[in-house]
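What follows is one structure encoded as structure tokens, with my remarks underneath.
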Amino acid sequence: MANNDSRFAVLIDADNVSVRYIKLIMDEISKEGIATYKRIYGDWTNPALISWKSTLLDNSVLPIQQYSYTTGKNSTDSAMIIDAMDILYSGNVDGFCLVSSDSDFTRLAARLRESGMIVVGMGESKTPNSFIAACNSFKYLDILHAAEEEEPEEPQKPAAKKKPAVQKKAPQKPAKAKEEPKEEPKTSLKTIRKALRSIVRENSDEEDWIFIGKVGNILGKRYPDFDVRNFGFSKLTPFLDSLDMFEIKSERKDKDSSPQMYVRLK
């Protein structure tokens, strides 16, 4: 994984990413390192991209103009790929963040990894598996954005109630809101459970215990799109506990050290 001093080039395909994800993109890459390049590619003469204007200024993202010379052809992809290779050969970054749901960037991600770059992919759940697998890690923007929207706000103290001057009306039944189907990650919970079982069996010690951090590291390498937030959790330990597959214990090397969490199969 990257450390907080790693330098990243964030390259965004405006044709395949919604403006509502921009803050989430920047927040996520800040966990990986520092965004030294922040560029977004599109035909900015297209009225469909006008909603990006103020957002780009607020987040200091540089728009790169790429005219659509031919109908039906995406020249934005070519511009983004050329810039990525120029940045790679400059030697100024440790990794790339490719933001798109387009499989056309699969070969680019693979090529960057061949050169020793860390590649973080970001896109929606519709992103093809080929692009996801080509990245070191992949984050589903629509799932993470939906999870943020569902988080409860800080409770506020209620204002003093005034006595109603009119008679109360009979309560009416609220109309049922239509529930939109939630997007799901490509790697299902069933697949994750099966992988976890094999990881713990193959890598545990003589007493069948394994450090939770090692479990997460191996799982992330096998499935780049794995993220506990995809399943409604903020940390790995509560997620593993919810599966009802493991015994969990905490150990300290000495009284001054932080506790370390271990698991073994039940």
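We name chains A, B, ... following the order of the structure tokens; residues begin at 1 in each chain, and ligands are numbered from 1 as shown.
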Give me the stretch 232-258 of chain A side of the contact with stretch 191-208 of chain A, cut-off 10 Å, one line per residue showing its nearest atom pair and distance in Å at one decimal, counting only C-alpha atoms, sorted by chain and residue number, as CSV.
residue,atom,partner,partner_atom,distance
A:Leu240,CA,A:Leu196,CA,9.1
A:Leu243,CA,A:Arg193,CA,7.8
A:Met245,CA,A:Arg197,CA,8.3
A:Phe246,CA,A:Arg197,CA,9.3
Same residues, N, CA, C and O atoms, saved as a PDB file, in the first residue's frame:
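Ended up saving to out09.pdb:
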ATOM      1  N   LEU A 240     -15.252  -8.511   9.993  1.00  0.00           N
ATOM      2  CA  LEU A 240     -14.944  -9.931  10.191  1.00  0.00           C
ATOM      3  C   LEU A 240     -15.813 -10.530  11.296  1.00  0.00           C
ATOM      4  O   LEU A 240     -16.289 -11.668  11.190  1.00  0.00           O
ATOM      5  N   LEU A 243     -19.330 -11.649  10.246  1.00  0.00           N
ATOM      6  CA  LEU A 243     -19.461 -12.831   9.392  1.00  0.00           C
ATOM      7  C   LEU A 243     -19.712 -14.106  10.187  1.00  0.00           C
ATOM      8  O   LEU A 243     -20.086 -15.136   9.615  1.00  0.00           O
ATOM      9  N   MET A 245     -17.661 -16.151  11.472  1.00  0.00           N
ATOM     10  CA  MET A 245     -16.772 -17.216  11.013  1.00  0.00           C
ATOM     11  C   MET A 245     -15.543 -17.370  11.925  1.00  0.00           C
ATOM     12  O   MET A 245     -14.889 -18.409  11.897  1.00  0.00           O
ATOM     13  N   PHE A 246     -15.256 -16.317  12.701  1.00  0.00           N
ATOM     14  CA  PHE A 246     -13.967 -16.252  13.386  1.00  0.00           C
ATOM     15  C   PHE A 246     -14.080 -16.072  14.890  1.00  0.00           C
ATOM     16  O   PHE A 246     -15.044 -15.474  15.388  1.00  0.00           O
TER      17      PHE A 246
END
Write out as a short mmCIF file (atom, residue, chain, number, x, y, z; two decimals) with all heavy atoms, in the first residue's frame which residues come within 10 Å of stretch 229-233 of chain A when counting only C-alpha atoms, dropping same-chain ones fewer than 4 positions away.
data_model
loop_
_atom_site.label_atom_id
_atom_site.label_comp_id
_atom_site.auth_asym_id
_atom_site.auth_seq_id
_atom_site.Cartn_x
_atom_site.Cartn_y
_atom_site.Cartn_z
N LYS A 139 -11.97 1.69 -6.03
CA LYS A 139 -13.00 2.21 -5.13
C LYS A 139 -14.27 2.54 -5.92
O LYS A 139 -14.20 3.24 -6.93
CB LYS A 139 -12.48 3.45 -4.40
CG LYS A 139 -11.21 3.15 -3.60
CD LYS A 139 -10.66 4.38 -2.91
CE LYS A 139 -9.31 4.08 -2.26
NZ LYS A 139 -9.40 3.07 -1.19
N TYR A 140 -15.40 2.04 -5.43
CA TYR A 140 -16.69 2.29 -6.08
C TYR A 140 -17.25 3.61 -5.57
O TYR A 140 -17.71 3.72 -4.44
CB TYR A 140 -17.67 1.17 -5.77
CG TYR A 140 -17.29 -0.17 -6.35
CD1 TYR A 140 -16.92 -1.23 -5.53
CD2 TYR A 140 -17.32 -0.39 -7.72
CE1 TYR A 140 -16.57 -2.47 -6.05
CE2 TYR A 140 -16.97 -1.62 -8.26
CZ TYR A 140 -16.61 -2.65 -7.42
OH TYR A 140 -16.27 -3.87 -7.95
N LEU A 141 -17.23 4.62 -6.42
CA LEU A 141 -17.65 5.96 -6.01
C LEU A 141 -19.14 6.02 -5.67
O LEU A 141 -19.54 6.71 -4.73
CB LEU A 141 -17.32 6.97 -7.11
CG LEU A 141 -15.82 7.16 -7.39
CD1 LEU A 141 -15.63 8.07 -8.60
CD2 LEU A 141 -15.10 7.73 -6.18
N ASP A 142 -19.97 5.31 -6.43
CA ASP A 142 -21.41 5.37 -6.17
C ASP A 142 -21.77 4.71 -4.84
O ASP A 142 -22.62 5.21 -4.10
CB ASP A 142 -22.20 4.75 -7.33
CG ASP A 142 -21.69 3.38 -7.75
OD1 ASP A 142 -20.57 3.01 -7.35
OD2 ASP A 142 -22.40 2.68 -8.49
N ILE A 143 -21.10 3.61 -4.50
CA ILE A 143 -21.38 2.93 -3.23
C ILE A 143 -20.90 3.77 -2.06
O ILE A 143 -21.62 3.95 -1.07
CB ILE A 143 -20.71 1.54 -3.21
CG1 ILE A 143 -21.36 0.63 -4.25
CG2 ILE A 143 -20.82 0.92 -1.82
CD1 ILE A 143 -20.74 -0.74 -4.35
N LEU A 144 -19.70 4.33 -2.17
CA LEU A 144 -19.16 5.14 -1.08
C LEU A 144 -19.96 6.43 -0.91
O LEU A 144 -20.18 6.90 0.20
CB LEU A 144 -17.68 5.47 -1.35
CG LEU A 144 -16.74 4.27 -1.41
CD1 LEU A 144 -15.31 4.73 -1.66
CD2 LEU A 144 -16.81 3.44 -0.13
N ALA A 146 -23.16 6.84 -1.66
CA ALA A 146 -24.44 6.48 -1.05
C ALA A 146 -24.30 6.24 0.45
O ALA A 146 -25.17 6.63 1.23
CB ALA A 146 -25.00 5.23 -1.73
N ALA A 147 -23.18 5.64 0.85
CA ALA A 147 -22.93 5.39 2.27
C ALA A 147 -22.77 6.70 3.03
O ALA A 147 -23.26 6.84 4.16
CB ALA A 147 -21.69 4.52 2.45
N GLU A 148 -22.11 7.67 2.42
CA GLU A 148 -21.95 8.98 3.05
C GLU A 148 -23.29 9.69 3.19
O GLU A 148 -23.55 10.34 4.20
CB GLU A 148 -20.99 9.85 2.23
CG GLU A 148 -19.53 9.51 2.42
CD GLU A 148 -18.62 10.55 1.80
OE1 GLU A 148 -19.12 11.45 1.09
OE2 GLU A 148 -17.40 10.48 2.02
N GLU A 183 -26.54 -0.25 -5.48
CA GLU A 183 -25.49 -0.87 -6.27
C GLU A 183 -24.68 -1.80 -5.38
O GLU A 183 -24.52 -1.57 -4.20
CB GLU A 183 -24.58 0.21 -6.86
CG GLU A 183 -25.27 1.15 -7.84
CD GLU A 183 -25.64 0.46 -9.14
OE1 GLU A 183 -25.19 -0.67 -9.36
OE2 GLU A 183 -26.38 1.06 -9.93
N GLU A 184 -24.16 -2.87 -5.96
CA GLU A 184 -23.36 -3.82 -5.22
C GLU A 184 -21.99 -3.95 -5.86
O GLU A 184 -21.85 -3.80 -7.08
CB GLU A 184 -24.06 -5.19 -5.19
CG GLU A 184 -25.38 -5.18 -4.43
CD GLU A 184 -25.99 -6.57 -4.37
OE1 GLU A 184 -25.43 -7.49 -4.99
OE2 GLU A 184 -27.02 -6.71 -3.69
N PRO A 185 -20.96 -4.24 -5.05
CA PRO A 185 -19.62 -4.41 -5.60
C PRO A 185 -19.54 -5.65 -6.49
O PRO A 185 -20.34 -6.58 -6.34
CB PRO A 185 -18.73 -4.55 -4.36
CG PRO A 185 -19.65 -5.00 -3.28
CD PRO A 185 -20.98 -4.38 -3.59
N THR A 187 -17.19 -7.89 -6.49
CA THR A 187 -16.81 -9.03 -5.66
C THR A 187 -17.84 -9.17 -4.55
O THR A 187 -17.92 -8.34 -3.65
CB THR A 187 -15.41 -8.82 -5.06
OG1 THR A 187 -14.48 -8.57 -6.12
CG2 THR A 187 -14.96 -10.05 -4.29
N SER A 188 -18.62 -10.24 -4.60
CA SER A 188 -19.74 -10.42 -3.68
C SER A 188 -19.26 -10.84 -2.29
O SER A 188 -18.12 -11.28 -2.10
CB SER A 188 -20.68 -11.48 -4.23
OG SER A 188 -20.05 -12.75 -4.24
N LEU A 189 -20.16 -10.75 -1.33
CA LEU A 189 -19.85 -11.16 0.03
C LEU A 189 -19.57 -12.66 0.08
O LEU A 189 -18.70 -13.11 0.85
CB LEU A 189 -21.02 -10.82 0.96
CG LEU A 189 -20.82 -11.10 2.44
CD1 LEU A 189 -19.62 -10.36 2.99
CD2 LEU A 189 -22.07 -10.74 3.23
N ASP A 225 -11.06 -4.47 -5.56
CA ASP A 225 -12.24 -3.67 -5.25
C ASP A 225 -12.75 -3.92 -3.83
O ASP A 225 -13.78 -3.36 -3.44
CB ASP A 225 -13.35 -3.92 -6.26
CG ASP A 225 -13.90 -5.34 -6.20
OD1 ASP A 225 -13.16 -6.25 -5.77
OD2 ASP A 225 -15.07 -5.54 -6.59
N THR A 237 -12.11 -5.17 11.51
CA THR A 237 -12.44 -6.07 12.63
C THR A 237 -13.95 -6.25 12.81
O THR A 237 -14.43 -7.39 12.90
CB THR A 237 -11.79 -5.57 13.93
OG1 THR A 237 -10.37 -5.50 13.75
CG2 THR A 237 -12.09 -6.51 15.07
N PRO A 238 -14.75 -5.17 12.87
CA PRO A 238 -16.20 -5.38 12.98
C PRO A 238 -16.80 -6.13 11.80
O PRO A 238 -17.74 -6.90 11.96
CB PRO A 238 -16.76 -3.95 13.06
CG PRO A 238 -15.62 -3.09 13.46
CD PRO A 238 -14.40 -3.75 12.93
N PHE A 239 -16.23 -5.92 10.61
CA PHE A 239 -16.70 -6.63 9.42
C PHE A 239 -16.48 -8.13 9.58
O PHE A 239 -17.38 -8.94 9.36
CB PHE A 239 -15.99 -6.11 8.18
CG PHE A 239 -16.22 -6.95 6.94
CD1 PHE A 239 -17.46 -6.97 6.32
CD2 PHE A 239 -15.19 -7.72 6.41
CE1 PHE A 239 -17.67 -7.75 5.18
CE2 PHE A 239 -15.40 -8.50 5.29
CZ PHE A 239 -16.64 -8.52 4.67
N LEU A 240 -15.25 -8.51 9.99
CA LEU A 240 -14.94 -9.93 10.19
C LEU A 240 -15.81 -10.53 11.30
O LEU A 240 -16.29 -11.67 11.19
CB LEU A 240 -13.46 -10.11 10.53
CG LEU A 240 -12.46 -9.72 9.43
CD1 LEU A 240 -11.04 -9.93 9.93
CD2 LEU A 240 -12.70 -10.51 8.16
N SER A 242 -18.80 -9.67 12.08
CA SER A 242 -20.19 -9.81 11.61
C SER A 242 -20.40 -11.07 10.79
O SER A 242 -21.54 -11.52 10.64
CB SER A 242 -20.58 -8.58 10.78
OG SER A 242 -19.94 -8.62 9.51
#
Residues at most 9 Å from stretch 247-260 of chain A, counting only C-alpha atoms, excluding those fewer than 4 positions away in the same chain, as a short mmCIF file (atom, residue, chain, number, x, y, z; two decimals) with N, CA, C and O atoms, in the first residue's frame?
data_model
loop_
_atom_site.label_atom_id
_atom_site.label_comp_id
_atom_site.auth_asym_id
_atom_site.auth_seq_id
_atom_site.Cartn_x
_atom_site.Cartn_y
_atom_site.Cartn_z
N TRP A 209 -3.96 -18.92 14.54
CA TRP A 209 -4.24 -17.48 14.63
C TRP A 209 -3.49 -16.74 13.52
O TRP A 209 -2.41 -17.14 13.09
N PHE A 211 -2.79 -12.44 12.19
CA PHE A 211 -2.96 -11.01 12.43
C PHE A 211 -3.96 -10.44 11.44
O PHE A 211 -3.88 -10.69 10.24
N ILE A 212 -4.93 -9.69 11.94
CA ILE A 212 -6.00 -9.14 11.09
C ILE A 212 -5.44 -8.25 9.99
O ILE A 212 -5.95 -8.25 8.86
N GLY A 213 -4.40 -7.48 10.29
CA GLY A 213 -3.81 -6.62 9.26
C GLY A 213 -3.29 -7.41 8.08
O GLY A 213 -3.40 -6.97 6.92
N THR A 237 -12.11 -5.17 11.51
CA THR A 237 -12.44 -6.07 12.63
C THR A 237 -13.95 -6.25 12.81
O THR A 237 -14.43 -7.39 12.90
N LEU A 240 -15.25 -8.51 9.99
CA LEU A 240 -14.94 -9.93 10.19
C LEU A 240 -15.81 -10.53 11.30
O LEU A 240 -16.29 -11.67 11.19
N ASP A 241 -16.04 -9.76 12.34
CA ASP A 241 -16.86 -10.24 13.45
C ASP A 241 -18.30 -10.50 13.00
O ASP A 241 -18.96 -11.45 13.45
N ARG A 264 -9.03 -16.44 14.14
CA ARG A 264 -8.90 -17.83 13.65
C ARG A 264 -10.30 -18.35 13.38
O ARG A 264 -11.29 -17.88 13.95
N LEU A 265 -10.36 -19.33 12.52
CA LEU A 265 -11.66 -19.91 12.14
C LEU A 265 -12.29 -20.64 13.32
O LEU A 265 -11.60 -21.27 14.11
N LYS A 266 -13.60 -20.52 13.43
CA LYS A 266 -14.32 -21.21 14.50
C LYS A 266 -14.33 -22.71 14.24
O LYS A 266 -14.32 -23.16 13.09
#
Practice task
Find, counting only C-alpha atoms, the residue in A:Leu56, A:Val228, A:Ile118, A:Leu11 that gets nearest to A:Ala84.
Solution key: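 The closest residue to A:Ala84 is A:Leu11.
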Exercise for the section: List the neighbours of A:Val19 out to 10 Å using only C-alpha atoms; skip same-chain residues closer than 5 positions along the sequence, and give me the result as a PyMOL selection string. Expected result: chain A and resi 14+49-53+55-56
Practice task
For each of A:Ser115, A:Gly42, A:Asp86, A:Asp244, take the minimum atom-to-atom distance to A:Gln66, counting only C-alpha atoms, then give the residue where this is smallest.
Solution key: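 For A:Gln66, the nearest of the candidates is A:Gly42.
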Problem - Pick from A:Asp58, A:Glu32, A:Asp83, A:Glu124, whichever lies nearest to A:Gly95 using only C-alpha atoms - result: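 Of the candidates, the smallest distance to A:Gly95 is held by A:Glu32.
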Problem - A:Leu57 surroundings by only C-alpha atoms, 12 Å radius, close-in-sequence under 6 positions cut, as a list in words - result: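 Once the nearby chain positions are removed, what remains is Ile22, Lys38, Arg39, Ile40, Ser51 and Pro63 of chain A.
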A:Leu88: which residues within 12 Å, counting only C-alpha atoms, same-chain residues fewer than 4 positions away excluded, as an mmCIF file with N, CA and C atoms, in the first residue's frame?
data_model
loop_
_atom_site.group_PDB
_atom_site.id
_atom_site.type_symbol
_atom_site.label_atom_id
_atom_site.label_comp_id
_atom_site.auth_asym_id
_atom_site.auth_seq_id
_atom_site.Cartn_x
_atom_site.Cartn_y
_atom_site.Cartn_z
ATOM 1 N N ARG A 7 3.425 10.408 -3.868
ATOM 2 C CA ARG A 7 2.910 11.447 -4.765
ATOM 3 C C ARG A 7 2.063 10.800 -5.868
ATOM 4 N N PHE A 8 0.867 11.325 -6.063
ATOM 5 C CA PHE A 8 -0.063 10.749 -7.038
ATOM 6 C C PHE A 8 -0.446 11.755 -8.104
ATOM 7 N N ALA A 9 -0.655 11.228 -9.305
ATOM 8 C CA ALA A 9 -1.269 12.000 -10.386
ATOM 9 C C ALA A 9 -2.722 11.556 -10.483
ATOM 10 N N TYR A 37 -0.524 16.057 -9.127
ATOM 11 C CA TYR A 37 -1.190 16.417 -10.389
ATOM 12 C C TYR A 37 -2.677 16.189 -10.199
ATOM 13 N N ILE A 81 -4.393 9.234 -21.726
ATOM 14 C CA ILE A 81 -3.346 8.212 -21.789
ATOM 15 C C ILE A 81 -1.997 8.839 -22.123
ATOM 16 N N ILE A 82 -1.989 9.782 -23.076
ATOM 17 C CA ILE A 82 -0.730 10.443 -23.451
ATOM 18 C C ILE A 82 -0.158 11.212 -22.268
ATOM 19 N N ASP A 83 -1.013 11.945 -21.556
ATOM 20 C CA ASP A 83 -0.550 12.693 -20.380
ATOM 21 C C ASP A 83 -0.015 11.760 -19.298
ATOM 22 N N ALA A 84 -0.693 10.633 -19.111
ATOM 23 C CA ALA A 84 -0.254 9.673 -18.089
ATOM 24 C C ALA A 84 1.155 9.174 -18.385
ATOM 25 N N ASN A 92 8.161 12.105 -11.522
ATOM 26 C CA ASN A 92 7.747 12.988 -10.423
ATOM 27 C C ASN A 92 6.678 12.396 -9.511
ATOM 28 N N VAL A 93 6.191 11.190 -9.813
ATOM 29 C CA VAL A 93 5.116 10.610 -9.001
ATOM 30 C C VAL A 93 5.445 9.172 -8.614
ATOM 31 N N ASP A 94 4.753 8.707 -7.595
ATOM 32 C CA ASP A 94 4.875 7.319 -7.139
ATOM 33 C C ASP A 94 3.686 6.475 -7.560
ATOM 34 N N GLY A 95 2.621 7.150 -7.989
ATOM 35 C CA GLY A 95 1.429 6.411 -8.364
ATOM 36 C C GLY A 95 0.438 7.259 -9.125
ATOM 37 N N PHE A 96 -0.608 6.594 -9.615
ATOM 38 C CA PHE A 96 -1.650 7.259 -10.399
ATOM 39 C C PHE A 96 -3.020 6.894 -9.832
ATOM 40 N N LEU A 108 -3.711 0.916 -19.872
ATOM 41 C CA LEU A 108 -2.926 1.980 -19.243
ATOM 42 C C LEU A 108 -2.600 1.614 -17.795
ATOM 43 N N ALA A 109 -3.596 1.144 -17.059
ATOM 44 C CA ALA A 109 -3.370 0.758 -15.659
ATOM 45 C C ALA A 109 -2.331 -0.351 -15.563
ATOM 46 N N ARG A 111 0.027 -1.043 -17.738
ATOM 47 C CA ARG A 111 1.347 -0.516 -18.145
ATOM 48 C C ARG A 111 1.990 0.294 -17.014
ATOM 49 N N LEU A 112 1.206 1.074 -16.310
ATOM 50 C CA LEU A 112 1.730 1.865 -15.200
ATOM 51 C C LEU A 112 2.228 0.962 -14.073
ATOM 52 N N ARG A 113 1.512 -0.108 -13.812
ATOM 53 C CA ARG A 113 1.936 -1.056 -12.775
ATOM 54 C C ARG A 113 3.216 -1.774 -13.185
ATOM 55 N N GLU A 114 3.359 -2.058 -14.464
ATOM 56 C CA GLU A 114 4.591 -2.679 -14.957
ATOM 57 C C GLU A 114 5.805 -1.800 -14.687
ATOM 58 N N SER A 115 5.573 -0.487 -14.630
ATOM 59 C CA SER A 115 6.663 0.462 -14.354
ATOM 60 C C SER A 115 6.832 0.733 -12.864
ATOM 61 N N GLY A 116 6.191 -0.058 -12.028
ATOM 62 C CA GLY A 116 6.347 0.072 -10.587
ATOM 63 C C GLY A 116 5.458 1.111 -9.942
ATOM 64 N N MET A 117 4.473 1.624 -10.684
ATOM 65 C CA MET A 117 3.572 2.621 -10.131
ATOM 66 C C MET A 117 2.449 1.962 -9.322
ATOM 67 N N ILE A 118 2.003 2.652 -8.272
ATOM 68 C CA ILE A 118 0.789 2.262 -7.559
ATOM 69 C C ILE A 118 -0.383 2.831 -8.358
ATOM 70 N N VAL A 119 -1.349 1.999 -8.683
ATOM 71 C CA VAL A 119 -2.503 2.459 -9.472
ATOM 72 C C VAL A 119 -3.780 2.276 -8.665
#
Problem - Residue among A:Ile218, A:Val99, A:Ala110, A:Val61 lying closest to A:Gly123, counting only C-alpha atoms - result: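 Comparing A:Ile218, A:Val99, A:Ala110, A:Val61 against A:Gly123, the winner is A:Val99.
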Handout entry: atom CA of A:Asp104 to atom CA of A:Thr45, straight-line distance in Å
Key =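 For atom CA of A:Thr45 relative to atom CA of A:Asp104, the distance reads 23.0 Å.
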Problem - Filtered DSSP result for stretch 212-260 of chain A, state strand (DSSP E), as a ChimeraX atom specification - result: /A:246-251,260
Handout entry: Residue set, stretch 38-258 of chain A restricted to alpha helix (DSSP H), as a VMD selection string
Key = chain A and resid 53 to 58 75 to 90 106 to 114 129 to 134 141 to 150 189 to 203 212 to 222 236 to 242
